[in-house]
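Containing mmCIF, C-alpha atoms: structure-v8.cif.
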```
data_coords
loop_
_atom_site.label_atom_id
_atom_site.label_comp_id
_atom_site.auth_asym_id
_atom_site.auth_seq_id
_atom_site.Cartn_x
_atom_site.Cartn_y
_atom_site.Cartn_z
CA VAL A 1 -55.62 165.03 -69.07
CA LEU A 2 -57.32 162.47 -66.83
CA ARG A 3 -56.53 164.57 -63.76
CA ARG A 4 -58.04 167.70 -65.33
CA ALA A 5 -61.11 165.79 -66.45
CA TRP A 6 -61.55 164.27 -62.98
CA THR A 7 -61.11 167.69 -61.36
CA ALA A 8 -63.75 169.21 -63.64
CA ARG A 9 -66.17 166.36 -62.94
CA ARG A 10 -65.59 166.64 -59.22
CA LEU A 11 -66.13 170.40 -59.31
CA ARG A 12 -69.41 169.94 -61.18
CA ALA A 13 -70.49 167.21 -58.78
CA GLU A 14 -69.68 169.28 -55.69
CA THR A 15 -71.40 172.35 -57.11
CA THR A 16 -74.49 170.32 -57.96
CA ALA A 17 -74.50 168.78 -54.49
CA LEU A 18 -74.21 172.19 -52.83
CA LEU A 19 -77.06 173.62 -54.88
CA ARG A 20 -79.18 170.53 -54.28
CA GLY A 21 -78.54 170.77 -50.54
CA ALA A 22 -79.52 174.44 -50.53
CA ALA A 23 -82.65 173.74 -52.58
CA GLU A 24 -83.76 170.98 -50.23
CA GLN A 25 -83.87 173.47 -47.37
CA LEU A 26 -86.40 175.54 -49.30
CA HIS A 27 -89.12 172.87 -49.28
CA GLY A 28 -92.21 174.12 -47.48
CA ARG A 29 -90.76 177.56 -46.83
CA ASP A 30 -91.82 180.87 -48.37
CA VAL A 31 -88.42 182.49 -48.91
CA ALA A 32 -89.88 185.71 -50.24
CA LEU A 33 -92.00 186.11 -47.12
CA ILE A 34 -89.02 185.38 -44.85
CA ALA A 35 -86.90 187.92 -46.74
CA ALA A 36 -89.70 190.46 -46.50
CA GLY A 37 -89.85 189.98 -42.74
CA LEU A 38 -86.10 190.45 -42.46
CA THR A 39 -86.38 193.57 -44.61
CA PHE A 40 -88.93 194.95 -42.14
CA TYR A 41 -86.43 194.56 -39.30
CA ALA A 42 -83.71 196.12 -41.45
CA GLY A 43 -85.92 199.11 -42.13
CA ILE A 44 -86.17 199.70 -38.39
CA ALA A 45 -82.45 199.28 -37.78
CA VAL A 46 -80.66 200.86 -40.75
CA VAL A 47 -80.83 204.55 -39.75
CA PRO A 48 -79.94 203.96 -36.06
CA LEU A 49 -77.08 201.75 -37.22
CA LEU A 50 -75.65 204.50 -39.41
CA LEU A 51 -76.09 207.09 -36.64
CA VAL A 52 -74.26 204.90 -34.12
CA ALA A 53 -71.52 204.08 -36.63
CA PHE A 54 -70.93 207.77 -37.39
CA SER A 55 -70.98 208.60 -33.68
CA LEU A 56 -68.41 205.97 -32.71
CA THR A 57 -66.23 206.79 -35.70
CA ALA A 58 -66.20 210.41 -34.56
CA LEU A 59 -64.87 209.22 -31.19
CA LEU A 60 -62.18 207.24 -32.99
CA THR A 61 -61.14 210.23 -35.09
CA SER A 62 -63.07 213.50 -34.76
CA ALA A 63 -66.49 214.83 -35.71
CA GLU A 64 -64.94 217.21 -38.23
CA ARG A 65 -62.98 214.40 -39.88
CA VAL A 66 -66.05 212.18 -40.14
CA ARG A 67 -68.15 214.97 -41.64
CA GLU A 68 -65.36 215.76 -44.11
CA LEU A 69 -65.07 212.14 -45.22
CA GLY A 70 -68.85 211.78 -45.26
CA ASP A 71 -69.02 214.71 -47.64
CA ARG A 72 -66.46 212.98 -49.86
CA LEU A 73 -68.60 209.85 -49.86
CA ALA A 74 -71.66 211.94 -50.74
CA GLN A 75 -69.87 213.12 -53.86
CA LEU A 76 -69.92 209.55 -55.16
CA LEU A 77 -73.69 209.20 -54.86
CA PRO A 78 -76.00 210.23 -57.69
CA PRO A 79 -77.86 213.45 -56.84
CA GLU A 80 -81.12 212.51 -58.56
CA LEU A 81 -82.95 211.24 -55.47
CA GLY A 82 -81.24 213.40 -52.87
CA ALA A 83 -78.93 210.64 -51.63
CA PRO A 84 -75.92 212.98 -51.06
CA GLY A 85 -77.99 215.32 -48.92
CA ALA A 86 -79.44 212.43 -46.91
CA LEU A 87 -75.96 211.06 -46.24
CA ARG A 88 -74.68 214.45 -45.10
CA THR A 89 -77.67 214.78 -42.78
CA LEU A 90 -76.98 211.35 -41.28
CA ALA A 91 -73.31 212.18 -40.77
CA GLU A 92 -74.22 215.48 -39.11
CA ALA A 93 -76.78 213.84 -36.83
CA GLY A 94 -74.52 210.91 -35.98
CA THR A 95 -71.49 213.00 -35.06
CA GLY A 96 -73.72 215.21 -32.88
CA LEU A 97 -75.40 212.31 -31.08
CA ASP A 98 -75.49 212.79 -27.29
CA PRO A 99 -75.18 209.85 -24.82
CA ILE A 100 -78.94 209.55 -24.33
CA GLY A 101 -79.55 209.61 -28.06
CA PHE A 102 -76.82 206.99 -28.53
CA VAL A 103 -78.42 204.61 -26.01
CA LEU A 104 -81.87 205.13 -27.50
CA ALA A 105 -80.52 204.36 -31.00
CA LEU A 106 -79.28 200.98 -29.76
CA ILE A 107 -82.85 199.82 -29.16
CA PRO A 108 -84.10 199.90 -32.78
CA LEU A 109 -80.61 198.94 -34.00
CA SER A 110 -80.77 195.67 -32.07
CA PHE A 111 -83.99 194.66 -33.83
CA TYR A 112 -81.99 193.54 -36.85
CA GLY A 113 -80.39 190.84 -34.74
CA GLU A 114 -83.84 189.58 -33.85
CA GLY A 115 -84.93 189.61 -37.47
CA LEU A 116 -81.82 187.79 -38.65
CA ARG A 117 -82.10 185.10 -36.00
CA ARG A 118 -85.81 184.56 -36.66
CA ALA A 119 -85.28 184.39 -40.42
CA LEU A 120 -82.31 182.03 -40.50
CA LEU A 121 -83.65 179.73 -37.81
CA ARG A 122 -86.48 178.93 -40.21
CA PHE A 123 -83.94 176.91 -42.21
CA THR A 124 -82.56 174.87 -39.31
CA PRO A 125 -84.14 172.12 -37.19
CA ARG A 126 -82.96 173.81 -34.00
CA GLN A 127 -85.59 174.74 -31.42
CA ASP A 128 -84.98 178.14 -29.85
CA ARG A 129 -86.33 180.00 -26.84
CA LEU A 130 -86.45 183.75 -26.31
CA THR A 131 -85.47 184.18 -29.95
CA GLY A 132 -86.12 187.91 -30.07
CA TRP A 133 -84.11 188.74 -26.98
CA ARG A 134 -81.27 186.41 -27.93
CA GLY A 135 -81.05 187.95 -31.38
CA ARG A 136 -81.06 191.52 -30.09
CA LEU A 137 -78.48 190.93 -27.36
CA LEU A 138 -76.17 188.93 -29.63
CA ALA A 139 -76.26 191.70 -32.24
CA LEU A 140 -75.15 194.45 -29.86
CA PRO A 141 -71.44 193.43 -29.57
CA LEU A 142 -71.06 194.30 -33.27
CA VAL A 143 -71.61 197.94 -32.32
CA LEU A 144 -68.10 197.98 -30.85
CA VAL A 145 -66.47 197.27 -34.21
CA THR A 146 -68.56 199.64 -36.32
CA PRO A 147 -65.96 202.46 -36.22
CA LEU A 148 -63.25 200.01 -37.32
CA LEU A 149 -65.40 199.20 -40.35
CA MET A 150 -66.86 202.64 -41.05
CA TYR A 151 -63.59 204.58 -40.97
CA PRO A 152 -61.85 202.43 -43.64
CA LEU A 153 -65.00 202.75 -45.76
CA LEU A 154 -64.87 206.54 -45.51
CA LEU A 155 -61.17 206.54 -46.37
CA ALA A 156 -61.90 204.27 -49.34
CA ALA A 157 -64.62 206.68 -50.47
CA SER A 158 -62.14 209.55 -50.37
CA ALA A 159 -59.75 207.51 -52.51
CA MET A 160 -62.59 206.70 -54.91
CA VAL A 161 -63.32 210.41 -55.36
CA GLU A 162 -59.68 211.00 -56.30
CA LEU A 163 -59.72 208.07 -58.73
CA THR A 164 -62.94 209.36 -60.29
CA GLU A 165 -61.38 212.79 -60.77
CA GLN A 166 -58.44 211.08 -62.49
CA GLY A 167 -60.83 209.23 -64.80
CA SER A 168 -60.03 205.77 -63.42
CA GLU A 169 -63.49 204.18 -63.43
CA LEU A 170 -62.08 200.67 -63.04
CA GLY A 171 -60.00 201.73 -60.05
CA THR A 172 -63.03 203.41 -58.48
CA PHE A 173 -65.12 200.27 -58.89
CA ALA A 174 -62.37 198.00 -57.51
CA VAL A 175 -61.80 200.13 -54.41
CA GLY A 176 -65.54 200.39 -53.78
CA TYR A 177 -66.18 196.70 -54.32
CA TYR A 178 -63.38 195.36 -52.13
CA SER A 179 -63.80 197.93 -49.37
CA VAL A 180 -67.49 197.05 -49.03
CA LEU A 181 -66.64 193.34 -49.20
CA PHE A 182 -64.18 193.80 -46.32
CA ALA A 183 -66.69 195.82 -44.28
CA LEU A 184 -69.42 193.20 -44.73
CA THR A 185 -67.26 190.19 -43.85
CA VAL A 186 -67.08 190.83 -40.10
CA PRO A 187 -70.84 191.42 -39.56
CA LEU A 188 -71.68 188.39 -41.69
CA LEU A 189 -69.25 186.20 -39.76
CA TRP A 190 -70.90 187.25 -36.53
CA GLY A 191 -74.40 187.04 -37.97
CA PHE A 192 -74.00 183.57 -39.49
CA GLY A 193 -71.76 182.19 -36.77
CA VAL A 194 -73.36 183.60 -33.61
CA VAL A 195 -76.66 185.40 -34.14
CA ALA A 196 -78.11 182.72 -36.44
CA ALA A 197 -77.21 179.89 -34.04
CA GLY A 198 -76.27 177.61 -36.89
CA ASN A 199 -73.31 175.84 -35.21
CA LEU A 200 -71.31 175.89 -38.42
CA ARG A 201 -67.76 174.67 -38.89
CA TRP A 202 -65.16 177.34 -39.57
CA PRO A 203 -64.25 176.23 -43.14
CA ALA A 204 -67.90 176.35 -44.20
CA LEU A 205 -68.59 179.55 -42.27
CA VAL A 206 -65.65 181.49 -43.70
CA SER A 207 -66.23 180.25 -47.25
CA GLY A 208 -69.95 181.00 -47.12
CA VAL A 209 -69.45 184.44 -45.60
CA LEU A 210 -66.87 185.47 -48.18
CA PHE A 211 -69.13 184.32 -51.00
CA THR A 212 -72.14 186.12 -49.52
CA ALA A 213 -70.15 189.30 -48.87
CA ALA A 214 -68.87 189.27 -52.45
CA CYS A 215 -72.41 188.96 -53.82
CA LEU A 216 -73.76 191.67 -51.52
CA SER A 217 -70.95 194.04 -52.46
CA GLY A 218 -71.76 193.56 -56.12
CA PHE A 219 -75.46 194.20 -55.48
CA LEU A 220 -74.65 197.40 -53.58
CA GLN A 221 -72.57 198.63 -56.50
CA GLY A 222 -75.61 197.94 -58.65
CA PHE A 223 -77.78 199.95 -56.29
CA VAL A 224 -75.58 203.01 -56.75
CA ILE A 225 -75.93 202.60 -60.52
CA PHE A 226 -79.70 202.25 -60.08
CA LEU A 227 -79.85 205.57 -58.21
CA ALA A 228 -78.25 207.28 -61.22
CA LEU A 229 -80.83 205.99 -63.70
CA PRO A 230 -83.27 208.63 -64.99
CA LEU A 231 -86.34 206.84 -63.66
CA ALA A 232 -89.58 208.56 -62.68
CA LEU A 233 -89.93 206.65 -59.41
CA GLY A 234 -92.91 208.72 -58.36
CA ALA A 235 -94.96 207.88 -61.47
CA PRO A 236 -96.72 204.83 -59.92
CA PHE A 237 -97.45 206.87 -56.78
CA GLY A 238 -99.20 209.93 -58.19
CA GLY A 239 -95.96 211.79 -58.86
CA LEU A 240 -94.73 211.55 -55.25
CA THR A 241 -91.04 210.97 -55.89
CA ALA A 242 -90.20 210.67 -52.18
CA VAL A 243 -92.62 207.77 -51.84
CA GLY A 244 -91.22 206.09 -54.95
CA ALA A 245 -87.67 206.51 -53.64
CA VAL A 246 -88.55 204.91 -50.29
CA VAL A 247 -90.27 201.99 -52.04
CA ALA A 248 -87.22 201.53 -54.30
CA ILE A 249 -84.90 201.42 -51.29
CA ILE A 250 -87.15 198.87 -49.58
CA LEU A 251 -87.17 196.77 -52.75
CA TRP A 252 -83.37 196.79 -52.89
CA LEU A 253 -83.20 195.85 -49.21
CA PHE A 254 -85.52 192.96 -49.99
CA LEU A 255 -83.28 191.79 -52.84
CA LEU A 256 -80.19 192.09 -50.65
CA HIS A 257 -81.82 189.91 -48.02
CA LEU A 258 -82.67 187.31 -50.61
CA VAL A 259 -78.92 187.21 -51.28
CA VAL A 260 -78.22 186.90 -47.54
CA ILE A 261 -80.64 183.99 -47.24
CA GLY A 262 -79.18 182.35 -50.35
CA GLY A 263 -75.69 182.70 -48.90
CA TRP A 264 -76.87 181.17 -45.63
CA LEU A 265 -78.42 178.19 -47.41
CA LEU A 266 -75.26 177.55 -49.41
CA THR A 267 -73.16 177.88 -46.24
CA GLN A 268 -75.31 175.31 -44.46
CA SER A 269 -75.16 173.02 -47.48
CA LEU A 270 -71.36 173.27 -47.54
CA ASP A 271 -71.24 172.56 -43.81
CA ASP A 272 -73.36 169.45 -44.33
CA ARG A 273 -71.02 168.30 -47.10
CA LEU A 274 -67.99 168.77 -44.87
CA ARG A 275 -69.62 166.95 -41.97
CA GLY A 276 -70.69 164.11 -44.25
CA GLY A 277 -67.16 163.82 -45.64
CA ALA A 278 -68.46 162.82 -49.05
CA GLN A 279 -65.47 162.23 -51.28
CA PRO A 280 -65.74 160.92 -54.81
CA SER A 281 -63.36 158.15 -55.72
CA ARG A 282 -60.10 159.31 -57.20
CA PRO A 283 -59.29 158.07 -60.73
CA SER A 284 -56.33 155.80 -61.21
CA GLN A 285 -53.21 157.33 -62.70
CA SER A 286 -52.40 155.90 -66.13
#
```

For this file, produce the structure as structure tokens.
Amino acid sequence: VLRRAWTARRLRAETTALLRGAAEQLHGRDVALIAAGLTFYAGIAVVPLLLVAFSLTALLTSAERVRELGDRLAQLLPPELGAPGALRTLAEAGTGLDPIGFVLALIPLSFYGEGLRRALLRFTPRQDRLTGWRGRLLALPLVLVTPLLMYPLLLAASAMVELTEQGSELGTFAVGYYSVLFALTVPLLWGFGVVAAGNLRWPALVSGVLFTAACLSGFLQGFVIFLALPLALGAPFGGLTAVGAVVAIILWLFLLHLVVIGGWLLTQSLDDRLRGGAQPSRPSQS
């Protein structure tokens, strides 16, 4: 009983310390503005990223296979805002990308690395030079692994379609959640560990990345549900549904980046705890 009570107290104390450490890093910083800036960079990079990912995945398999699996993924998306058609268009454009188009797509794609480095450096005391160029160049190696992440996602989407047809909603959710979690882990490891220049220890880095990836995967599942809601997104914009849809996507990107920043702060706080080696005294056995 004493051991369980001590374990519970220690867990509460560690959790409180982690949250306090994360909160202390927020003093004097406008997190919403930082997340908005990162969202701006993401808006530049997201379409080129998808085009490059589809293009490289087509080299790994074939253009026909990627378009077939992309169509399967489109079947999972709600049709209300034209998301399935947009995905099919991206898959078609990505698999047909020529070498010049591929190289040109790398330029806006790399901007996300700059945005991530600029945003996360705001929460560290480190002084940095050539931040934009460092961020862009450090982000580019991730391009090489995009087909290894995209192809399993497309295969998972195909499995989700089959599960949906069988009426297994729980199975569909589980496959979607864990496949996205897996796909996000590698980019987050690279982003937090290299692009952000945080000099984190591996235990803190891996723990923080897994937690952040799990939260992001859950938010992305929520975004798919949001797309299916019968909302008149164009109502605040004079009935222009396309404008409302774009604003909604930007808003969700903003929320996702708030999660990314929160995960980064908790990761840094955990790293500080591990470096400090704070250990509460163990209760005597009696």

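Counting from atom CA of Gln25 of chain A, the distance to atom CA of Leu258 of chain A is 14.3 Å.
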
Kindly extract all protein, DNA and RNA residues lying within 6 Å of the coordinates (-69.9, 182.3, -46.9) given in the file, considering all atoms listed in the file, and supply them as a list of chain:residue names.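 The distance filter leaves exactly A:Leu205, A:Val206, A:Ser207, A:Gly208, A:Val209, A:Leu210, A:Phe211, A:Thr212, A:Thr267.
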
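Between Leu251 of chain A and the residues A:Thr131, A:Thr39, A:Gln75, A:Thr95, the shortest atom-to-atom distance, using only C-alpha atoms, involves A:Thr39.
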
May I have a table of the residues of segment 127-205 of chain A lying at most 10 Å from segment 54-63 of chain A, giving each one's closest pair of atoms and their distance in Å to one decimal, counting only C-alpha atoms, ordered by chain and ascending residue number, as CSV?
```
residue,atom,partner,partner_atom,distance
A:Val143,CA,A:Leu56,CA,8.7
A:Leu144,CA,A:Leu56,CA,8.2
A:Val145,CA,A:Leu56,CA,9.0
A:Thr146,CA,A:Leu56,CA,7.3
A:Pro147,CA,A:Thr57,CA,4.4
A:Leu148,CA,A:Thr57,CA,7.6
A:Leu149,CA,A:Thr57,CA,8.9
A:Met150,CA,A:Thr57,CA,6.8
A:Tyr151,CA,A:Thr57,CA,6.3
A:Leu154,CA,A:Thr57,CA,9.9
```

Under the PyMOL selection byres ((chain A and resi 50) around 10), which residues of this model are included? Write them out as a PyMOL selection string. chain A and resi 45-49+51-56+87+90-91+93-94+105+109+146+150

Run the PyMOL selection byres ((chain A and resi 182-188) around 7) on the file and write out the hits as number ranges by chain. A: 142, 149, 178-181, 189-192, 209-210, 213

Specify as a compact mmCIF listing (two decimals) with C-alpha atoms, in the coordinates of the input each residue included when the PyMOL selection byres ((chain A and resi 117) around 12) is applied to this file.
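So the final result, stored in out.txt, reads:
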```txt
# COMPACT_ATOMS: atom_id res chain seq x y z
CA ILE A 34 -89.02 185.38 -44.85
CA GLY A 37 -89.85 189.98 -42.74
CA LEU A 38 -86.10 190.45 -42.46
CA TYR A 41 -86.43 194.56 -39.30
CA SER A 110 -80.77 195.67 -32.07
CA PHE A 111 -83.99 194.66 -33.83
CA TYR A 112 -81.99 193.54 -36.85
CA GLY A 113 -80.39 190.84 -34.74
CA GLU A 114 -83.84 189.58 -33.85
CA GLY A 115 -84.93 189.61 -37.47
CA LEU A 116 -81.82 187.79 -38.65
CA ARG A 118 -85.81 184.56 -36.66
CA ALA A 119 -85.28 184.39 -40.42
CA LEU A 120 -82.31 182.03 -40.50
CA LEU A 121 -83.65 179.73 -37.81
CA ARG A 122 -86.48 178.93 -40.21
CA PHE A 123 -83.94 176.91 -42.21
CA THR A 124 -82.56 174.87 -39.31
CA ARG A 126 -82.96 173.81 -34.00
CA GLN A 127 -85.59 174.74 -31.42
CA ASP A 128 -84.98 178.14 -29.85
CA ARG A 129 -86.33 180.00 -26.84
CA LEU A 130 -86.45 183.75 -26.31
CA THR A 131 -85.47 184.18 -29.95
CA GLY A 132 -86.12 187.91 -30.07
CA TRP A 133 -84.11 188.74 -26.98
CA ARG A 134 -81.27 186.41 -27.93
CA GLY A 135 -81.05 187.95 -31.38
CA ARG A 136 -81.06 191.52 -30.09
CA LEU A 137 -78.48 190.93 -27.36
CA LEU A 138 -76.17 188.93 -29.63
CA ALA A 139 -76.26 191.70 -32.24
CA TRP A 190 -70.90 187.25 -36.53
CA GLY A 191 -74.40 187.04 -37.97
CA PHE A 192 -74.00 183.57 -39.49
CA GLY A 193 -71.76 182.19 -36.77
CA VAL A 194 -73.36 183.60 -33.61
CA VAL A 195 -76.66 185.40 -34.14
CA ALA A 196 -78.11 182.72 -36.44
CA ALA A 197 -77.21 179.89 -34.04
CA GLY A 198 -76.27 177.61 -36.89
CA ILE A 261 -80.64 183.99 -47.24
CA TRP A 264 -76.87 181.17 -45.63
```

Could I get segment 94-107 of chain A from the block written as a PDB file, in the first residue's frame, with N, CA, C and O atoms?
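Produced file out.pdb, reproduced below:
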```
ATOM      1  N   GLY A  94       1.346  14.501 -58.503  1.00  0.00           N
ATOM      2  CA  GLY A  94       2.588  14.023 -57.915  1.00  0.00           C
ATOM      3  C   GLY A  94       3.220  12.888 -58.694  1.00  0.00           C
ATOM      4  O   GLY A  94       4.433  12.871 -58.936  1.00  0.00           O
ATOM      5  N   THR A  95       2.404  11.931 -59.121  1.00  0.00           N
ATOM      6  CA  THR A  95       2.951  10.796 -59.875  1.00  0.00           C
ATOM      7  C   THR A  95       3.386  11.207 -61.277  1.00  0.00           C
ATOM      8  O   THR A  95       4.163  10.496 -61.916  1.00  0.00           O
ATOM      9  N   GLY A  96       2.910  12.349 -61.773  1.00  0.00           N
ATOM     10  CA  GLY A  96       3.319  12.830 -63.086  1.00  0.00           C
ATOM     11  C   GLY A  96       4.373  13.916 -63.033  1.00  0.00           C
ATOM     12  O   GLY A  96       4.663  14.554 -64.055  1.00  0.00           O
ATOM     13  N   LEU A  97       4.967  14.134 -61.855  1.00  0.00           N
ATOM     14  CA  LEU A  97       5.938  15.207 -61.681  1.00  0.00           C
ATOM     15  C   LEU A  97       7.219  14.892 -62.454  1.00  0.00           C
ATOM     16  O   LEU A  97       7.801  13.815 -62.313  1.00  0.00           O
ATOM     17  N   ASP A  98       7.685  15.846 -63.277  1.00  0.00           N
ATOM     18  CA  ASP A  98       8.935  15.643 -64.011  1.00  0.00           C
ATOM     19  C   ASP A  98      10.109  16.103 -63.144  1.00  0.00           C
ATOM     20  O   ASP A  98       9.917  16.722 -62.098  1.00  0.00           O
ATOM     21  N   PRO A  99      11.366  15.798 -63.541  1.00  0.00           N
ATOM     22  CA  PRO A  99      12.518  16.157 -62.701  1.00  0.00           C
ATOM     23  C   PRO A  99      12.606  17.645 -62.375  1.00  0.00           C
ATOM     24  O   PRO A  99      12.944  18.011 -61.243  1.00  0.00           O
ATOM     25  N   ILE A 100      12.300  18.502 -63.343  1.00  0.00           N
ATOM     26  CA  ILE A 100      12.363  19.944 -63.068  1.00  0.00           C
ATOM     27  C   ILE A 100      11.297  20.336 -62.055  1.00  0.00           C
ATOM     28  O   ILE A 100      11.555  21.086 -61.104  1.00  0.00           O
ATOM     29  N   GLY A 101      10.088  19.812 -62.242  1.00  0.00           N
ATOM     30  CA  GLY A 101       9.024  20.099 -61.290  1.00  0.00           C
ATOM     31  C   GLY A 101       9.355  19.583 -59.904  1.00  0.00           C
ATOM     32  O   GLY A 101       9.023  20.217 -58.889  1.00  0.00           O
ATOM     33  N   PHE A 102      10.016  18.427 -59.829  1.00  0.00           N
ATOM     34  CA  PHE A 102      10.411  17.850 -58.541  1.00  0.00           C
ATOM     35  C   PHE A 102      11.386  18.774 -57.822  1.00  0.00           C
ATOM     36  O   PHE A 102      11.226  19.074 -56.630  1.00  0.00           O
ATOM     37  N   VAL A 103      12.406  19.250 -58.539  1.00  0.00           N
ATOM     38  CA  VAL A 103      13.405  20.133 -57.928  1.00  0.00           C
ATOM     39  C   VAL A 103      12.766  21.443 -57.489  1.00  0.00           C
ATOM     40  O   VAL A 103      13.056  21.960 -56.402  1.00  0.00           O
ATOM     41  N   LEU A 104      11.891  21.986 -58.319  1.00  0.00           N
ATOM     42  CA  LEU A 104      11.222  23.235 -57.964  1.00  0.00           C
ATOM     43  C   LEU A 104      10.349  23.071 -56.723  1.00  0.00           C
ATOM     44  O   LEU A 104      10.237  23.985 -55.898  1.00  0.00           O
ATOM     45  N   ALA A 105       9.715  21.892 -56.573  1.00  0.00           N
ATOM     46  CA  ALA A 105       8.859  21.650 -55.406  1.00  0.00           C
ATOM     47  C   ALA A 105       9.667  21.608 -54.115  1.00  0.00           C
ATOM     48  O   ALA A 105       9.132  21.893 -53.032  1.00  0.00           O
ATOM     49  N   LEU A 106      10.958  21.252 -54.217  1.00  0.00           N
ATOM     50  CA  LEU A 106      11.785  21.188 -53.013  1.00  0.00           C
ATOM     51  C   LEU A 106      11.998  22.560 -52.384  1.00  0.00           C
ATOM     52  O   LEU A 106      12.247  22.653 -51.181  1.00  0.00           O
ATOM     53  N   ILE A 107      11.908  23.610 -53.195  1.00  0.00           N
ATOM     54  CA  ILE A 107      12.170  24.958 -52.665  1.00  0.00           C
ATOM     55  C   ILE A 107      11.094  25.372 -51.662  1.00  0.00           C
ATOM     56  O   ILE A 107      11.413  25.678 -50.497  1.00  0.00           O
TER      57      ILE A 107
END
```
